[in-house]
file data_13.tsv (TSV, C-alpha atoms and all ligand atoms)
chain	number	residue	atom	x	y	z
A	1	MET	CA	-12.56	-33.31	17.50
A	2	ASP	CA	-15.30	-32.14	19.79
A	3	LEU	CA	-18.33	-30.47	18.28
A	4	GLN	CA	-17.93	-27.11	20.03
A	5	MET	CA	-14.35	-26.84	18.84
A	6	ALA	CA	-15.33	-27.79	15.28
A	7	ALA	CA	-18.00	-25.07	15.27
A	8	GLY	CA	-15.20	-22.48	15.19
A	9	LEU	CA	-16.54	-18.94	15.07
A	10	GLU	CA	-20.26	-18.18	15.23
A	11	VAL	CA	-21.91	-14.85	14.63
A	12	ASP	CA	-25.45	-14.86	15.99
A	13	LYS	CA	-27.79	-12.05	14.91
A	14	VAL	CA	-25.12	-9.39	15.34
A	15	SER	CA	-25.99	-5.75	14.72
A	16	VAL	CA	-23.61	-2.80	14.88
A	17	ARG	CA	-24.78	0.79	14.95
A	18	TYR	CA	-22.57	3.82	14.34
A	19	GLY	CA	-24.68	6.75	15.50
A	20	GLY	CA	-27.63	6.86	13.11
A	21	LEU	CA	-26.22	4.24	10.77
A	22	LEU	CA	-27.06	0.58	11.18
A	23	ALA	CA	-23.84	-0.71	9.57
A	24	VAL	CA	-24.58	-4.37	10.33
A	25	ASP	CA	-28.17	-5.54	10.68
A	26	GLU	CA	-28.74	-8.93	12.33
A	27	ILE	CA	-26.03	-10.90	10.61
A	28	SER	CA	-25.58	-14.57	11.43
A	29	LEU	CA	-22.85	-16.78	10.08
A	30	GLN	CA	-20.55	-19.64	10.99
A	31	ALA	CA	-16.89	-20.11	10.19
A	32	PRO	CA	-16.31	-23.76	11.20
A	33	LEU	CA	-12.92	-25.43	11.33
A	34	SER	CA	-11.65	-27.07	8.12
A	35	ARG	CA	-13.77	-24.75	5.98
A	36	ILE	CA	-13.29	-21.54	4.05
A	37	THR	CA	-16.28	-19.27	4.48
A	38	GLY	CA	-16.66	-16.22	2.27
A	39	LEU	CA	-18.21	-12.88	3.15
A	40	ILE	CA	-18.91	-10.72	0.11
A	41	GLY	CA	-20.85	-7.61	-0.81
A	42	PRO	CA	-20.31	-4.15	-2.26
A	43	ASN	CA	-18.27	-1.42	-0.57
A	44	GLY	CA	-19.92	-0.21	2.60
A	45	ALA	CA	-21.97	-3.40	2.97
A	46	GLY	CA	-20.64	-3.96	6.50
A	47	LYS	CA	-18.03	-6.66	5.91
A	48	THR	CA	-15.15	-5.06	7.82
A	49	THR	CA	-17.52	-4.03	10.61
A	50	THR	CA	-18.63	-7.66	10.90
A	51	PHE	CA	-14.96	-8.69	11.14
A	52	ASN	CA	-14.38	-6.07	13.81
A	53	ALA	CA	-17.29	-7.42	15.81
A	54	CYS	CA	-15.79	-10.91	15.49
A	55	SER	CA	-12.32	-9.89	16.59
A	56	GLY	CA	-13.59	-7.55	19.31
A	57	LEU	CA	-12.60	-4.17	17.86
A	58	VAL	CA	-16.23	-3.06	17.86
A	59	ARG	CA	-18.93	-3.94	20.36
A	60	PRO	CA	-22.14	-5.23	18.76
A	61	THR	CA	-25.27	-3.25	19.55
A	62	SER	CA	-27.02	-6.59	19.85
A	63	GLY	CA	-26.35	-10.25	19.15
A	64	HIS	CA	-23.61	-12.64	20.14
A	65	VAL	CA	-20.22	-13.85	18.95
A	66	ARG	CA	-19.16	-17.34	20.00
A	67	LEU	CA	-15.76	-18.94	19.67
A	68	PHE	CA	-15.59	-22.73	20.06
A	69	GLY	CA	-19.00	-22.66	21.71
A	70	GLU	CA	-18.13	-19.96	24.25
A	71	ASP	CA	-19.70	-16.53	24.22
A	72	VAL	CA	-16.91	-14.00	23.57
A	73	THR	CA	-19.12	-10.99	22.78
A	74	HIS	CA	-17.58	-9.09	25.69
A	75	VAL	CA	-14.10	-10.61	25.59
A	76	PRO	CA	-11.36	-8.15	24.52
A	77	PRO	CA	-9.50	-8.68	21.19
A	78	GLN	CA	-6.23	-9.87	22.73
A	79	LYS	CA	-8.02	-12.55	24.73
A	80	ARG	CA	-9.88	-13.74	21.62
A	81	ALA	CA	-6.52	-14.01	19.87
A	82	GLN	CA	-5.18	-16.10	22.75
A	83	ARG	CA	-8.17	-18.39	22.39
A	84	GLY	CA	-7.29	-18.99	18.75
A	85	LEU	CA	-8.83	-16.21	16.68
A	86	GLY	CA	-6.42	-14.44	14.32
A	87	ARG	CA	-6.93	-11.77	11.68
A	88	THR	CA	-5.29	-9.75	8.94
A	89	PHE	CA	-6.26	-6.20	8.09
A	90	GLN	CA	-7.57	-4.66	4.87
A	91	ARG	CA	-4.55	-2.34	4.88
A	92	MET	CA	-1.26	-4.18	5.25
A	93	GLU	CA	0.81	-3.47	8.30
A	94	LEU	CA	4.29	-4.91	7.90
A	95	PHE	CA	7.40	-3.49	9.53
A	96	ASP	CA	9.72	-2.19	6.84
A	97	SER	CA	12.66	-1.98	9.21
A	98	LEU	CA	12.56	-5.74	9.88
A	99	PRO	CA	13.39	-8.57	7.50
A	100	VAL	CA	10.58	-10.85	6.36
A	101	ARG	CA	11.57	-13.63	8.79
A	102	GLU	CA	11.21	-11.24	11.76
A	103	ASN	CA	7.91	-9.90	10.48
A	104	VAL	CA	6.56	-13.45	10.25
A	105	ALA	CA	7.96	-14.38	13.68
A	106	LEU	CA	6.09	-11.43	15.21
A	107	GLY	CA	2.87	-13.33	14.51
A	108	ARG	CA	3.98	-15.89	17.08
A	109	GLU	CA	5.86	-13.62	19.45
A	110	SER	CA	2.93	-11.29	20.00
A	111	GLY	CA	0.97	-14.31	21.25
A	112	PHE	CA	3.66	-15.14	23.79
A	113	ALA	CA	3.99	-11.52	24.80
A	114	ALA	CA	0.27	-11.25	25.38
A	115	SER	CA	-0.03	-14.38	27.46
A	116	ARG	CA	3.19	-14.07	29.46
A	117	PRO	CA	4.59	-10.54	29.13
A	118	TRP	CA	7.14	-10.93	31.91
A	119	GLN	CA	8.56	-14.02	30.25
A	120	HIS	CA	8.68	-12.29	26.91
A	121	LEU	CA	11.10	-9.71	28.27
A	122	ARG	CA	13.68	-12.43	28.90
A	123	SER	CA	12.34	-14.95	26.42
A	124	SER	CA	13.91	-18.31	26.92
A	125	ARG	CA	15.95	-20.15	24.37
A	126	ALA	CA	13.21	-22.80	24.10
A	127	GLN	CA	10.71	-20.12	23.31
A	128	ARG	CA	12.92	-18.48	20.69
A	129	THR	CA	13.36	-21.89	19.06
A	130	LEU	CA	9.58	-22.37	18.98
A	131	VAL	CA	9.05	-18.95	17.44
A	132	ALA	CA	11.73	-19.55	14.81
A	133	ALA	CA	10.25	-22.93	13.92
A	134	ALA	CA	6.74	-21.51	13.61
A	135	ALA	CA	8.05	-18.72	11.37
A	136	GLN	CA	10.01	-21.14	9.20
A	137	GLU	CA	7.06	-23.51	8.83
A	138	SER	CA	4.61	-20.83	7.83
A	139	MET	CA	7.09	-19.27	5.35
A	140	GLU	CA	7.43	-22.73	3.79
A	141	LEU	CA	3.67	-23.13	3.59
A	142	CYS	CA	3.45	-19.77	1.82
A	143	GLY	CA	6.43	-20.48	-0.42
A	144	ILE	CA	8.41	-17.43	0.69
A	145	THR	CA	11.50	-18.91	2.39
A	146	ASP	CA	13.65	-17.29	-0.32
A	147	LEU	CA	12.43	-13.88	0.88
A	148	ALA	CA	13.37	-14.44	4.55
A	149	GLN	CA	16.18	-11.87	4.64
A	150	ARG	CA	14.50	-9.24	2.46
A	151	ARG	CA	12.74	-6.10	3.71
A	152	PRO	CA	9.01	-5.78	3.02
A	153	ARG	CA	9.52	-2.43	1.24
A	154	ASP	CA	11.63	-4.15	-1.44
A	155	LEU	CA	8.92	-6.70	-2.23
A	156	SER	CA	6.03	-6.68	-4.68
A	157	THR	CA	2.49	-6.33	-3.35
A	158	GLY	CA	1.95	-10.02	-4.06
A	159	GLN	CA	4.96	-11.00	-1.99
A	160	ARG	CA	3.95	-8.65	0.82
A	161	ARG	CA	0.49	-10.20	0.92
A	162	LEU	CA	2.11	-13.61	1.38
A	163	VAL	CA	4.32	-12.30	4.19
A	164	GLU	CA	1.23	-10.95	5.90
A	165	LEU	CA	-0.54	-14.29	5.54
A	166	ALA	CA	2.55	-16.14	6.80
A	167	ARG	CA	2.63	-13.89	9.86
A	168	CYS	CA	-0.99	-14.71	10.68
A	169	ILE	CA	-0.32	-18.44	10.13
A	170	ALA	CA	2.71	-18.29	12.43
A	171	GLY	CA	0.33	-17.18	15.19
A	172	GLY	CA	-1.03	-20.75	15.23
A	173	PHE	CA	-4.65	-19.57	15.23
A	174	LYS	CA	-7.49	-22.04	14.75
A	175	VAL	CA	-9.80	-19.53	13.07
A	176	MET	CA	-8.43	-16.81	10.81
A	177	LEU	CA	-10.22	-13.71	9.57
A	178	LEU	CA	-8.75	-12.42	6.31
A	179	ASP	CA	-9.92	-8.99	5.14
A	180	GLU	CA	-9.40	-8.61	1.37
A	181	PRO	CA	-6.11	-10.53	1.47
A	182	SER	CA	-5.70	-10.68	-2.30
A	183	SER	CA	-6.18	-7.00	-3.11
A	184	GLY	CA	-3.39	-5.74	-5.35
A	185	LEU	CA	-2.53	-9.23	-6.63
A	186	ASP	CA	-2.50	-10.18	-10.29
A	187	ARG	CA	-4.27	-13.21	-11.71
A	188	THR	CA	-1.43	-15.71	-11.18
A	189	GLU	CA	-0.65	-14.43	-7.69
A	190	THR	CA	-4.32	-14.65	-6.74
A	191	GLN	CA	-4.48	-18.25	-7.93
A	192	ARG	CA	-1.37	-19.09	-5.92
A	193	PHE	CA	-2.86	-17.35	-2.90
A	194	GLY	CA	-5.99	-19.49	-3.22
A	195	GLU	CA	-3.93	-22.67	-3.39
A	196	ILE	CA	-2.12	-21.70	-0.19
A	197	LEU	CA	-5.42	-21.11	1.62
A	198	ARG	CA	-6.71	-24.56	0.61
A	199	LEU	CA	-3.42	-26.12	1.69
A	200	LEU	CA	-3.66	-24.35	5.05
A	201	VAL	CA	-7.16	-25.70	5.63
A	202	GLU	CA	-6.24	-29.23	4.60
A	203	ARG	CA	-3.01	-29.43	6.61
A	204	ARG	CA	-3.97	-27.55	9.75
A	205	ARG	CA	-7.75	-27.87	9.75
A	206	VAL	CA	-8.11	-24.17	10.48
A	207	GLY	CA	-11.31	-22.32	9.76
A	208	ILE	CA	-11.05	-19.27	7.52
A	209	LEU	CA	-13.51	-16.41	7.18
A	210	ILE	CA	-12.53	-14.34	4.18
A	211	VAL	CA	-13.75	-10.97	2.88
A	212	GLU	CA	-12.79	-10.76	-0.74
A	213	HIS	CA	-13.66	-8.77	-3.84
A	214	ASP	CA	-12.02	-11.11	-6.30
A	215	MET	CA	-14.89	-13.37	-7.32
A	216	ALA	CA	-12.62	-15.90	-9.01
A	217	LEU	CA	-10.85	-16.40	-5.67
A	218	VAL	CA	-14.13	-16.57	-3.73
A	219	MET	CA	-15.65	-19.07	-6.15
A	220	GLY	CA	-12.41	-21.02	-6.29
A	221	VAL	CA	-11.70	-21.51	-2.59
A	222	CYS	CA	-14.85	-21.02	-0.53
A	223	ASP	CA	-16.96	-23.87	0.78
A	224	TYR	CA	-19.80	-21.53	1.66
A	225	VAL	CA	-20.49	-17.84	1.02
A	226	HIS	CA	-22.54	-15.13	2.73
A	227	VAL	CA	-23.62	-12.06	0.77
A	228	LEU	CA	-24.29	-8.72	2.46
A	229	ASP	CA	-25.83	-5.58	1.07
A	230	PHE	CA	-26.41	-2.39	3.08
A	231	GLY	CA	-25.59	-4.24	6.27
A	232	LYS	CA	-28.13	-6.98	5.66
A	233	PRO	CA	-27.65	-10.63	4.75
A	234	ILE	CA	-29.23	-11.06	1.31
A	235	PHE	CA	-28.10	-14.56	0.36
A	236	GLU	CA	-26.00	-17.49	1.53
A	237	GLY	CA	-25.05	-20.78	-0.03
A	238	THR	CA	-22.39	-22.85	-1.70
A	239	THR	CA	-20.45	-21.31	-4.56
A	240	ARG	CA	-22.75	-23.16	-6.97
A	241	GLU	CA	-25.80	-21.68	-5.33
A	242	ILE	CA	-24.19	-18.24	-5.36
A	243	ALA	CA	-23.39	-18.58	-9.06
A	244	ALA	CA	-26.97	-19.63	-9.81
A	245	SER	CA	-28.62	-16.98	-7.63
A	246	ASP	CA	-30.68	-14.31	-9.36
A	247	ILE	CA	-30.77	-12.34	-6.10
A	248	VAL	CA	-26.98	-12.17	-5.96
A	249	ARG	CA	-26.73	-11.34	-9.63
A	250	ALA	CA	-29.34	-8.61	-9.53
A	251	ALA	CA	-28.23	-7.08	-6.24
A	252	TYR	CA	-24.53	-6.98	-6.64
A	253	LEU	CA	-22.28	-9.09	-8.73
A	254	GLY	CA	-23.39	-8.62	-12.30
A	255	SER	CA	-23.76	-11.84	-14.21
A	256	GLU	CA	-20.35	-11.66	-15.87
A	257	ALA	CA	-18.28	-11.93	-12.69
A	258	VAL	CA	-20.33	-14.85	-11.43
A	259	GLU	CA	-20.49	-16.75	-14.69
A	260	ALA	CA	-16.78	-16.31	-15.34
A	261	ALA	CA	-15.96	-17.83	-11.98
A	262	VAL	CA	-15.51	-21.57	-11.81
A	263	PRO	CA	-16.73	-23.13	-8.56
A	264	GLY	CA	-13.99	-25.25	-7.02
A	265	GLY	CA	-11.55	-24.09	-9.65
A	266	TYR	CA	-8.51	-24.12	-7.38
A	267	THR	CA	-9.05	-27.42	-5.64
B	301	LIG	N1	-15.90	3.71	12.64
B	301	LIG	C1	-16.98	4.02	11.91
B	301	LIG	N2	-17.78	5.05	12.25
B	301	LIG	C2	-18.87	5.36	11.53
B	301	LIG	N3	-19.28	4.71	10.43
B	301	LIG	C3	-18.51	3.67	10.02
B	301	LIG	C4	-17.33	3.28	10.73
B	301	LIG	N4	-16.77	2.20	10.09
B	301	LIG	C5	-17.57	1.95	9.04
B	301	LIG	N5	-18.60	2.83	8.99
B	301	LIG	C6	-19.71	2.82	8.00
B	301	LIG	O1	-20.36	1.56	8.15
B	301	LIG	C7	-20.72	1.05	6.88
B	301	LIG	C8	-20.06	-0.31	6.70
B	301	LIG	O2	-18.65	-0.13	6.54
B	301	LIG	P1	-17.64	-1.33	6.39
B	301	LIG	O3	-17.95	-2.35	7.41
B	301	LIG	O4	-16.28	-0.77	6.36
B	301	LIG	O5	-18.05	-1.90	4.94
B	301	LIG	P2	-17.24	-2.87	3.96
B	301	LIG	O6	-16.07	-3.44	4.66
B	301	LIG	O7	-18.27	-3.88	3.55
B	301	LIG	O8	-16.84	-2.01	2.79
B	301	LIG	C9	-20.31	2.09	5.86
B	301	LIG	O9	-21.43	2.89	5.58
B	301	LIG	C10	-19.24	2.86	6.58
B	301	LIG	O10	-19.16	4.18	6.09
B	302	MG	MG	-13.97	-3.40	4.23

call {"tool": "encode", "arguments": {"input": "data_13.tsv", "output": "C-alpha cells"}}
result
Amino acid sequence: MDLQMAAGLEVDKVSVRYGGLLAVDEISLQAPLSRITGLIGPNGAGKTTTFNACSGLVRPTSGHVRLFGEDVTHVPPQKRAQRGLGRTFQRMELFDSLPVRENVALGRESGFAASRPWQHLRSSRAQRTLVAAAAQESMELCGITDLAQRRPRDLSTGQRRLVELARCIAGGFKVMLLDEPSSGLDRTETQRFGEILRLLVERRRVGILIVEHDMALVMGVCDYVHVLDFGKPIFEGTTREIAASDIVRAAYLGSEAVEAAVPGGYT
C-alpha cells in the first residue's frame, strides 16, 4: 500500500475557537490505516470538536486536516465521506421505522446517493445487490444477522450500538471516527464491541479513531492514545505508556481506572 494511503487521517496543529472559547488548541494526531487510535479526556476537553474538524462539520480556526496525504481542511463533509472517511455520532441516530437490515444498508446507500444522486433515484439491480451484500457482510462482522428484521426500538442499547457500527462499516470507509461508541454498554457487551473493532482492523485494514470513556475498552483495543484536557494535548503514547504516565493519572484518569485496565486485553 502506498505511504500516503497508509497515513490515513492526519490532524496537524488544529485549533477551533467558539467565540471566546478555544475549544481545541493546536491538536496534532494521526489515525493511520490498520491501527486503532484513541482520543480520551474529560468532558469538555474538545474530543467531539476535534472529530467535527476531522469530518468537516466545523472549520478549524487554524491548522490542517489531511486525508491520505491530501489537504481536506476546506473539503465539505460529504466529499470527505466519499474519499473514505466515515463517522458515528455520540448520540445514536437509527431509524426506528426501518428494520435493522435497512438501517445498515443506508450506510452504503447514502454513499451512492451522494456520488450519483440521479442514479440513486432509479438504482440499478446491480447496485441494489451491492448494497445488500455490503449490509449482509457488515452485519455478519458485527454478529447481528439474527436481528436483521427487527426494529431498532425493540433492541437493547448494546444491540443498537452494534447496528450503528454495522451501518458505518457498510459504508466501506477506510478511516472511521467513532464517538463514544460503547456508551450504555455493559461489561460483556463492551468486550464484544472491542473484539469486533480489532476484527475490523485486521480484516479490512481500516484505520479507527475512537473517542471513548471506557478505559478498559481504550486500553484493550487501542494501539496508540492521545489525551486532551481543556482543549490541549497533554500526553500521547501506547497504552502501556498511558498506564504508566503520572501526567495522565494526575490530570484525569485517577490511578484506579488506569491500573485496572489491561493493555492489549482484548487481542
Ligand atoms: N457548537 C458549540 N458552540 C460553542 N461551544 C461549544 C460548541 N460545541 C462545543 N463547545 C464547547 O467546546 C468545548 C469542547 O466541547 P466538546 O468538543 O464537545 O468536548 P468533549 O467531546 O471532549 O466532551 C466545551 O467547553 C463545549 O462547551
Ligand atoms: Mg463529546

call {"tool": "residues_near_ligand", "arguments": {"input": "data_13.tsv", "ligand": "ligand MG 302 (chain B)", "cutoff": "10 Å", "atoms": "all atoms listed in the file", "output": "list in words"}}
result
Ile40, Gly41, Pro42, Asn43, Gly44, Ala45, Gly46, Lys47, Thr48, Thr49, Thr50, Phe51, Asn52, Phe89, Gln90, Arg91, Asp179, Glu180, Val211, Glu212 and His213 of chain A

call {"tool": "residues_around", "arguments": {"input": "data_13.tsv", "residues": "region 220-234 of chain A", "least_positions_apart": "5", "cutoff": "10 Å", "atoms": "only C-alpha atoms", "output": "JSON, numbers by chain"}}
result
{"A": [15, 16, 21, 22, 23, 24, 25, 26, 27, 28, 29, 30, 31, 34, 35, 36, 37, 38, 39, 40, 41, 42, 43, 44, 45, 46, 47, 49, 50, 191, 193, 194, 195, 196, 197, 198, 208, 209, 210, 211, 214, 215, 239, 240, 241, 242, 247, 248, 251, 252, 261, 262, 263, 264, 265, 266, 267]}

call {"tool": "atom_distance", "arguments": {"input": "data_13.tsv", "atom1": "CA of Ala6 (chain A)", "atom2": "CA of Arg66 (chain A)"}}
result
12.1 Å

call {"tool": "residues_near_point", "arguments": {"input": "data_13.tsv", "point": "(9.8, -18.7, 15.4)", "cutoff": "9 Å", "atoms": "only C-alpha atoms", "output": "count of residues only"}}
result
20

call {"tool": "closest_residue", "arguments": {"input": "data_13.tsv", "among": "A:Leu3, A:Ala243, A:Ala53, A:Ala148", "to": "ligand LIG 301 (chain B)", "atoms": "only C-alpha atoms and all ligand atoms"}}
result
A:Ala53

call {"tool": "closest_residue", "arguments": {"input": "data_13.tsv", "among": "A:Leu217, A:Asp12, A:Ile144, A:Arg17", "to": "Val65 (chain A)", "atoms": "all atoms listed in the file"}}
result
A:Asp12

call {"tool": "atom_distance", "arguments": {"input": "data_13.tsv", "atom1": "CA of Tyr18 (chain A)", "atom2": "CA of Gly56 (chain A)"}}
result
15.3 Å

call {"tool": "residues_near_point", "arguments": {"input": "data_13.tsv", "point": "(8.1, -3.6, 6.2)", "cutoff": "10 Å", "atoms": "only C-alpha atoms", "output": "list in words"}}
result
Met92, Glu93, Leu94, Phe95, Asp96, Ser97, Leu98, Pro99, Val100, Glu102, Asn103, Arg150, Arg151, Pro152, Arg153, Asp154, Leu155, Arg160 and Val163 of chain A

call {"tool": "atom_distance", "arguments": {"input": "data_13.tsv", "atom1": "CA of Asp71 (chain A)", "atom2": "CA of Arg83 (chain A)"}}
result
11.8 Å

call {"tool": "residues_around", "arguments": {"input": "data_13.tsv", "residues": "His64 (chain A)", "least_positions_apart": "5", "cutoff": "9 Å", "atoms": "only C-alpha atoms", "output": "ChimeraX atom specification"}}
result
/A:10-14,71-74

call {"tool": "closest_residue", "arguments": {"input": "data_13.tsv", "among": "A:Pro60, A:Gly20, A:Gly84, A:Gly172", "to": "ligand LIG 301 (chain B)", "atoms": "all atoms listed in the file"}}
result
A:Gly20

call {"tool": "closest_residue", "arguments": {"input": "data_13.tsv", "among": "A:Leu178, A:Ile169, A:Pro77, A:Ser138", "to": "ligand LIG 301 (chain B)", "atoms": "only C-alpha atoms and all ligand atoms"}}
result
A:Leu178

call {"tool": "closest_residue", "arguments": {"input": "data_13.tsv", "among": "A:Val218, A:Cys142, A:Leu185, A:Leu57", "to": "ligand LIG 301 (chain B)", "atoms": "only C-alpha atoms and all ligand atoms"}}
result
A:Leu57

call {"tool": "closest_residue", "arguments": {"input": "data_13.tsv", "among": "A:Cys54, A:Ala250, A:Val75, A:Met219", "to": "ligand LIG 301 (chain B)", "atoms": "all atoms listed in the file"}}
result
A:Cys54

call {"tool": "axis_aligned_box", "arguments": {"input": "data_13.tsv", "around": "region 208-227 of chain A", "padding_each_side": "6 Å", "output": "AutoDock Vina command-line options"}}
result
--center_x -17.2 --center_y -16.3 --center_z -0.7 --size_x 24.8 --size_y 27.1 --size_z 28.5
